[in-house]
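J.: What follows is final_19.cif; its format and atoms are mmCIF, C-alpha atoms and all ligand atoms.
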data_protein
#
loop_
_atom_site.group_PDB
_atom_site.id
_atom_site.type_symbol
_atom_site.label_atom_id
_atom_site.label_comp_id
_atom_site.auth_asym_id
_atom_site.auth_seq_id
_atom_site.Cartn_x
_atom_site.Cartn_y
_atom_site.Cartn_z
ATOM 1 C CA MET A 32 16.394 22.654 -29.646
ATOM 2 C CA MET A 33 19.407 24.352 -28.176
ATOM 3 C CA ARG A 34 18.172 24.918 -24.633
ATOM 4 C CA LEU A 35 21.188 23.570 -22.839
ATOM 5 C CA ALA A 36 20.910 25.877 -19.878
ATOM 6 C CA GLY A 37 18.365 23.740 -18.079
ATOM 7 C CA LYS A 38 15.328 24.870 -16.159
ATOM 8 C CA LYS A 39 14.094 25.781 -12.754
ATOM 9 C CA CYS A 40 12.561 23.145 -10.515
ATOM 10 C CA ASN A 41 9.146 24.199 -9.212
ATOM 11 C CA LYS A 42 9.819 22.559 -5.874
ATOM 12 C CA CYS A 43 13.333 23.425 -4.746
ATOM 13 C CA GLY A 44 13.668 26.434 -7.053
ATOM 14 C CA ARG A 45 17.136 25.400 -8.211
ATOM 15 C CA LYS A 46 18.139 25.864 -11.820
ATOM 16 C CA LEU A 47 19.159 22.431 -12.982
ATOM 17 C CA PRO A 48 20.349 20.816 -16.222
ATOM 18 C CA HIS A 49 17.752 18.886 -18.239
ATOM 19 C CA LYS A 50 19.161 15.520 -17.233
ATOM 20 C CA MET A 51 17.967 16.257 -13.704
ATOM 21 C CA PHE A 52 14.378 16.044 -14.927
ATOM 22 C CA LYS A 53 12.801 12.765 -15.894
ATOM 23 C CA HIS A 54 11.505 14.249 -19.152
ATOM 24 C CA ASN A 55 11.093 17.652 -20.750
ATOM 25 C CA LYS A 56 7.569 18.248 -19.500
ATOM 26 C CA LYS A 57 8.526 17.623 -15.896
ATOM 27 C CA LYS A 58 8.604 20.702 -13.729
ATOM 28 C CA THR A 59 9.997 18.979 -10.636
ATOM 29 C CA CYS A 60 13.565 17.711 -10.591
ATOM 30 C CA LYS A 61 14.458 14.079 -9.902
ATOM 31 C CA SER A 62 15.868 14.717 -6.458
ATOM 32 C CA CYS A 63 12.645 16.427 -5.381
ATOM 33 C CA GLU A 64 10.603 13.529 -6.708
ATOM 34 C CA TYR A 65 12.446 10.969 -4.652
ATOM 35 C CA ARG A 66 10.431 11.694 -1.561
ATOM 36 C CA TRP A 67 8.976 8.153 -1.384
ATOM 37 C CA TRP A 68 12.518 6.802 -1.302
ATOM 38 C CA ARG A 69 13.359 9.052 1.609
ATOM 39 C CA SER A 70 10.223 8.055 3.467
ATOM 40 C CA PHE A 71 11.125 4.419 2.887
ATOM 41 C CA LEU A 72 14.567 5.034 4.389
ATOM 42 C CA ARG A 73 12.932 6.859 7.273
ATOM 43 C CA TYR A 74 10.708 3.817 7.767
ATOM 44 C CA LEU A 75 13.783 1.576 7.954
ATOM 45 C CA VAL A 76 15.442 3.881 10.470
ATOM 46 C CA GLN A 77 12.266 3.907 12.509
ATOM 47 C CA GLN A 78 12.217 0.097 12.401
ATOM 48 C CA LYS A 79 15.757 0.036 13.751
ATOM 49 C CA ARG A 80 14.745 2.254 16.663
ATOM 50 C CA LEU A 81 12.117 -0.258 17.768
ATOM 51 C CA THR A 82 12.988 -2.826 20.404
ATOM 52 C CA PRO A 83 13.397 -6.397 19.112
ATOM 53 C CA ALA A 84 10.039 -7.318 20.667
ATOM 54 C CA GLU A 85 8.294 -4.395 18.959
ATOM 55 C CA ARG A 86 9.878 -5.314 15.645
ATOM 56 C CA MET A 87 8.776 -8.906 16.104
ATOM 57 C CA ALA A 88 5.226 -7.788 16.890
ATOM 58 C CA SER A 89 5.173 -5.618 13.784
ATOM 59 C CA ARG A 90 6.344 -8.491 11.569
ATOM 60 C CA VAL A 91 3.893 -10.907 13.144
ATOM 61 C CA GLY A 92 1.215 -8.317 12.380
ATOM 62 C CA TYR A 93 2.165 -8.302 8.690
ATOM 63 C CA MET A 94 2.064 -12.079 8.659
ATOM 64 C CA GLY A 95 -1.360 -12.010 10.289
ATOM 65 C CA ALA A 96 -2.599 -9.536 7.691
ATOM 66 C CA ALA A 97 -1.346 -11.862 4.952
ATOM 67 C CA PHE A 98 -3.197 -14.803 6.493
ATOM 68 C CA LEU A 99 -6.382 -12.744 6.786
ATOM 69 C CA MET A 100 -6.103 -11.695 3.153
ATOM 70 C CA ALA A 101 -5.537 -15.294 2.084
ATOM 71 C CA GLY A 102 -8.509 -16.286 4.235
ATOM 72 C CA GLN A 103 -10.769 -13.780 2.541
ATOM 73 C CA TRP A 104 -10.033 -15.359 -0.850
ATOM 74 C CA THR A 105 -10.246 -18.988 0.211
ATOM 75 C CA VAL A 106 -12.793 -18.734 3.089
ATOM 76 C CA GLU A 107 -10.590 -21.215 4.932
ATOM 77 C CA PRO A 108 -11.298 -20.943 8.689
ATOM 78 C CA ILE A 109 -7.772 -21.965 9.692
ATOM 79 C CA LEU A 110 -6.280 -19.021 7.760
ATOM 80 C CA PHE A 111 -8.620 -16.625 9.557
ATOM 81 C CA ILE A 112 -7.796 -18.151 12.931
ATOM 82 C CA LEU A 113 -4.036 -17.851 12.340
ATOM 83 C CA GLY A 114 -4.462 -14.340 10.956
ATOM 84 C CA PHE A 115 -6.520 -13.156 13.898
ATOM 85 C CA ILE A 116 -4.030 -14.631 16.392
ATOM 86 C CA PHE A 117 -1.065 -12.923 14.699
ATOM 87 C CA VAL A 118 -2.774 -9.551 14.383
ATOM 88 C CA LEU A 119 -3.979 -9.925 17.973
ATOM 89 C CA ILE A 120 -0.338 -10.190 19.116
ATOM 90 C CA GLN A 121 0.527 -6.985 17.288
ATOM 91 C CA VAL A 122 -2.441 -4.886 18.399
ATOM 92 C CA SER A 123 -2.223 -5.990 22.033
ATOM 93 C CA PHE A 124 1.477 -5.126 21.997
ATOM 94 C CA ARG A 125 0.567 -1.663 20.757
ATOM 95 C CA LYS A 126 -2.278 -1.464 23.298
ATOM 96 C CA GLN A 127 -4.822 -0.734 20.584
ATOM 97 C CA TRP A 128 -7.653 -2.196 22.602
ATOM 98 C CA ASN A 129 -10.440 -1.498 20.128
ATOM 99 C CA LEU A 130 -8.526 -3.573 17.572
ATOM 100 C CA VAL A 131 -7.835 -6.233 20.204
ATOM 101 C CA ALA A 132 -11.604 -6.503 20.718
ATOM 102 C CA LEU A 133 -12.110 -6.683 16.951
ATOM 103 C CA GLN A 134 -9.503 -9.425 16.530
ATOM 104 C CA LEU A 135 -10.799 -11.393 19.535
ATOM 105 C CA ASN A 136 -14.318 -11.235 18.157
ATOM 106 C CA GLY A 137 -13.141 -12.483 14.781
ATOM 107 C CA LEU A 138 -11.032 -15.187 16.380
ATOM 108 C CA ILE A 139 -13.943 -16.503 18.469
ATOM 109 C CA ALA A 140 -16.398 -16.345 15.569
ATOM 110 C CA TRP A 141 -14.079 -18.194 13.187
ATOM 111 C CA THR A 142 -13.066 -20.755 15.815
ATOM 112 C CA ILE A 143 -16.751 -21.571 16.382
ATOM 113 C CA HIS A 144 -17.234 -21.758 12.624
ATOM 114 C CA PHE A 145 -14.201 -24.040 12.360
ATOM 115 C CA ILE A 146 -15.481 -26.366 15.113
ATOM 116 C CA LYS A 147 -18.855 -26.558 13.347
ATOM 117 C CA THR A 148 -17.185 -27.660 10.107
ATOM 118 C CA LEU A 149 -15.458 -30.490 12.013
ATOM 119 C CA ALA A 150 -18.661 -31.782 13.552
HETATM 120 ZN ZN ZN R 1 13.992 20.211 -7.153
#
Before anything else, please render the file you have as structure tokens.
Ligand SMILES: [Zn+2]
T.:
Amino acid sequence: MMRLAGKKCNKCGRKLPHKMFKHNKKKTCKSCEYRWWRSFLRYLVQQKRLTPAERMASRVGYMGAAFLMAGQWTVEPILFILGFIFVLIQVSFRKQWNLVALQLNGLIAWTIHFIKTLA
């Protein structure tokens, strides 16, 4: 194999040396494939543009989602209650009222369930 000239990327159309492709069968060059990395950076930039309160709400939302996920595996009411409260903070901050209703409903239902387990 003496094809040292390289090949053309099917995305950017540039003629690039072989080392710019992950392997020989690749038709898209490495720099074109790194889209996810760019979108991740864009996400970070977008996070920076948020106000501290918005950023806090977003993080609390992730925490709430984690609690809800943990709750679904353990069926532990307290995890659901914490999860619903945290997600409620996020969705009310974003004024997503349908999700606020959903979280409130879950919060009330699991609180009642929790009280029943105490009795
Ligand atoms: Zn390319």
J.: Skip Met100 in chain A itself and residues of its chain fewer than 5 positions away, then list as a PyMOL selection string all residues within 10 Å of it, counting only C-alpha atoms.
T.: chain A and resi 94-95+105-106+110-111+114
J.: List the neighbours of Trp141 in chain A out to 8 Å using all atoms listed in the file; skip same-chain residues closer than 3 positions along the sequence, and give me the result as a PDB file with C-alpha atoms, keeping the file's coordinate frame.
T.:
ATOM      1  CA  PRO A 108     -11.298 -20.943   8.689  1.00  0.00           C
ATOM      2  CA  PHE A 111      -8.620 -16.625   9.557  1.00  0.00           C
ATOM      3  CA  ILE A 112      -7.796 -18.151  12.931  1.00  0.00           C
ATOM      4  CA  GLY A 137     -13.141 -12.483  14.781  1.00  0.00           C
ATOM      5  CA  LEU A 138     -11.032 -15.187  16.380  1.00  0.00           C
ATOM      6  CA  HIS A 144     -17.234 -21.758  12.624  1.00  0.00           C
ATOM      7  CA  PHE A 145     -14.201 -24.040  12.360  1.00  0.00           C
TER       8      PHE A 145
END
J.: Kindly provide, as number ranges by chain, all nucleotide and amino acid residues lying within 7 Å of ligand ZN 1 (chain R), counting only C-alpha atoms and all ligand atoms.
T.: A: 40-45, 59-63
J.: Could you state the separation of CA of Val131 in chain A and CA of Phe117 in chain A in Å, given to one decimal place?
T.: 11.0 Å
J.: What is the CA of Arg80 in chain A-CA of Trp67 in chain A distance in Å, reported with one decimal?
T.: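 Between CA of Arg80 in chain A and CA of Trp67 in chain A the gap works out to 19.8 Å.
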J.: Could you check how far CA of Ala84 in chain A sits from CA of Arg125 in chain A, in Å to one decimal?
T.: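 Atom-to-atom, CA of Ala84 in chain A and CA of Arg125 in chain A are spaced 11.0 Å apart.
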J.: List as a list of chain:residue names the protein and nucleic acid residues near Leu47 in chain A, meaning an atom at most 7 Å away when all atoms listed in the file are counted, but skip any in the same chain fewer than 6 places from it.
T.: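 Contacts, with the query itself left out: A:Gly37, A:Lys38, A:Lys39.
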J.: Using all atoms listed in the file, which of the listed residues (A:Ile143, A:Ala132, A:Leu149, A:Val122) sits closest to Glu85 in chain A?
T.: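 Answer, going by the shortest atom-to-atom distance: A:Val122.
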J.: Which residue is closest to Ala88 in chain A? Choose from A:Leu113, A:Leu119, A:Ala101, A:Val76 and count all atoms listed in the file.
T.: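 Distance minimum relative to Ala88 in chain A lands on A:Leu119.
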